[in-house]
Amino acid sequence: MNIRAIQQICYGLYIISSRKGEKFNGQIANTVFQITSEPPTVAVSINKQNLTHEFIQESRVFSISILGKEAPMPFIGNFGFKSGRELDKFKEMNFKVGITGAPIVLDNAVGYLECEVISVTDVGTHTIFIGQVKESEMLSDAEPMSYAYYREIKGGKSPKTAPTYIAPEKEQEKTVAPEKTKAAGAAKYSCIVCGYVYDPDAGDPDSGIAPGTPFEDLPDTWVCPTCSAPKSEFEKI
């Protein structure tokens, strides 16, 4: 079986948020799709280990913030590779509380939906929550971020709890000739926390690191643009 075929299915990138009493939490998700148009319903797939799953189960409401292409990696990492059990993901975030009581992330969003759960399906490691859309709004005319753009252009990875996560040893190498690196002899390094790969050819422009900068020349204060892990959490590929 060629696992890469599954990766050809198209997805977007979203923040799914919910509440539990007075507490808020949210997470990155890519498995969001419309079920019906009248009444409008959508489905989301959430890992049972995630705190957001617990919040949706109790409150029976969730919001979907549709991320734009320009959403920065540290912002995505805050919701995708950190746990709400250890920090307040909404601290210093621009958000509002919607008509359902669920928080709605407004930063880097092109639009949002608010939903009430009307059906729940257990699929082993994940639960599919189907929600009826109670409110929706456009926030920007910017282009939404596709999951392919997140992976191929931004170099993003899936957390282990994501429906699309594939263990590195199961991913098949692309059969294309490697390009000659601009930073001659410079190796790529991978974050052992989230899987982000630092490519010297690309650098990290969002953090002020120019293309052609070897990993060894990165300042000690540099951190993973996805999950904020320090340089010490990287290993040579």
# chains A, B, ... in the order shown; residues from 1 in each chain; ligands from 1
>>> select_by_dssp(residues="segment 13-230 of chain A", states="strand (DSSP E or B)", output="NGL selection string")
:A and (14-20 or 23-29 or 32-37 or 40-47 or 61-68 or 95-97 or 103-105 or 109-123 or 126-138 or 144 or 146 or 189-191 or 197-198 or 204 or 209 or 223 or 230)
>>> residues_around(residues="Pro103 of chain A", least_positions_apart="3", cutoff="7 Å", atoms="only C-alpha atoms", output="MDAnalysis selection string")
chainID A and resid 17:18 24 63 95:98
>>> write_last_selection(atoms="N, CA and C atoms", output="PDB file, in the first residue's frame")
ATOM      1  N   SER A  17     -12.406  25.247  18.137  1.00  0.00           N
ATOM      2  CA  SER A  17     -12.414  25.719  19.518  1.00  0.00           C
ATOM      3  C   SER A  17     -13.719  25.331  20.206  1.00  0.00           C
ATOM      4  N   SER A  18     -13.652  25.190  21.530  1.00  0.00           N
ATOM      5  CA  SER A  18     -14.851  24.870  22.298  1.00  0.00           C
ATOM      6  C   SER A  18     -14.670  25.386  23.725  1.00  0.00           C
ATOM      7  N   PHE A  24     -11.744  27.859  27.953  1.00  0.00           N
ATOM      8  CA  PHE A  24     -11.710  27.750  26.500  1.00  0.00           C
ATOM      9  C   PHE A  24     -10.507  26.920  26.075  1.00  0.00           C
ATOM     10  N   SER A  63     -16.503  25.888  17.400  1.00  0.00           N
ATOM     11  CA  SER A  63     -16.345  26.881  16.338  1.00  0.00           C
ATOM     12  C   SER A  63     -15.227  26.436  15.412  1.00  0.00           C
ATOM     13  N   PHE A  95      -9.791  37.083  19.946  1.00  0.00           N
ATOM     14  CA  PHE A  95     -10.916  36.161  19.785  1.00  0.00           C
ATOM     15  C   PHE A  95     -12.176  36.795  20.356  1.00  0.00           C
ATOM     16  N   LYS A  96     -13.304  36.171  20.062  1.00  0.00           N
ATOM     17  CA  LYS A  96     -14.558  36.605  20.657  1.00  0.00           C
ATOM     18  C   LYS A  96     -15.374  35.377  21.031  1.00  0.00           C
ATOM     19  N   VAL A  97     -16.333  35.572  21.916  1.00  0.00           N
ATOM     20  CA  VAL A  97     -17.233  34.489  22.305  1.00  0.00           C
ATOM     21  C   VAL A  97     -18.488  34.600  21.448  1.00  0.00           C
ATOM     22  N   GLY A  98     -18.826  33.523  20.766  1.00  0.00           N
ATOM     23  CA  GLY A  98     -19.946  33.543  19.838  1.00  0.00           C
ATOM     24  C   GLY A  98     -21.283  33.279  20.502  1.00  0.00           C
TER      25      GLY A  98
END
>>> closest_residue(among="A:Cys10, A:Leu113, A:Leu218, A:Met1", to="Tyr147 of chain A", atoms="only C-alpha atoms")
A:Cys10
>>> residues_around(residues="Thr31 of chain A", least_positions_apart="4", cutoff="12 Å", atoms="only C-alpha atoms", output="VMD selection string")
chain A and resid 9 to 16 27 42 to 47 64 66 126 to 130 146 to 147 158 162 to 165
>>> select_by_dssp(residues="segment 46-200 of chain A", states="helix (DSSP H, G or I)", output="PyMOL selection string")
chain A and resi 51-59+73-80+147-152+168-170
>>> closest_atom_pairs(of="segment 31-139 of chain A", to="segment 183-201 of chain A", cutoff="10 Å", atoms="only C-alpha atoms", output="JSON lines")
{"residue": "A:Gly77", "atom": "CA", "partner": "A:Cys194", "partner_atom": "CA", "distance": 8.9}
{"residue": "A:Gly80", "atom": "CA", "partner": "A:Cys194", "partner_atom": "CA", "distance": 9.3}
{"residue": "A:Phe81", "atom": "CA", "partner": "A:Cys194", "partner_atom": "CA", "distance": 6.9}
{"residue": "A:Lys82", "atom": "CA", "partner": "A:Cys194", "partner_atom": "CA", "distance": 10.0}
>>> residues_around(residues="Phe62 of chain A", least_positions_apart="6", cutoff="8 Å", atoms="only C-alpha atoms", output="list of chain:residue names")
A:Ile16, A:Ser17, A:Ser18, A:Arg19, A:Ile56, A:Thr100, A:Ala102, A:Glu114, A:Cys115, A:Glu116, A:Val117, A:Gly131
>>> atom_distance(atom1="atom CA of Glu137 of chain A", atom2="atom CA of Glu92 of chain A")
22.2 Å
>>> closest_residue(among="A:Gln8, A:Gly212, A:His53, A:Phe234", to="Val120 of chain A", atoms="only C-alpha atoms")
A:His53
>>> closest_residue(among="A:Lys231, A:Lys48, A:Arg151, A:Lys89", to="Asn30 of chain A", atoms="only C-alpha atoms")
A:Arg151
>>> atom_distance(atom1="atom CA of Ala229 of chain A", atom2="atom CA of Asn78 of chain A")
11.4 Å
>>> atom_distance(atom1="atom CA of Ala109 of chain A", atom2="atom CA of Tyr150 of chain A")
14.7 Å
>>> closest_residue(among="A:Phe79, A:Trp222, A:Tyr112, A:Phe33", to="Asp204 of chain A", atoms="only C-alpha atoms")
A:Trp222
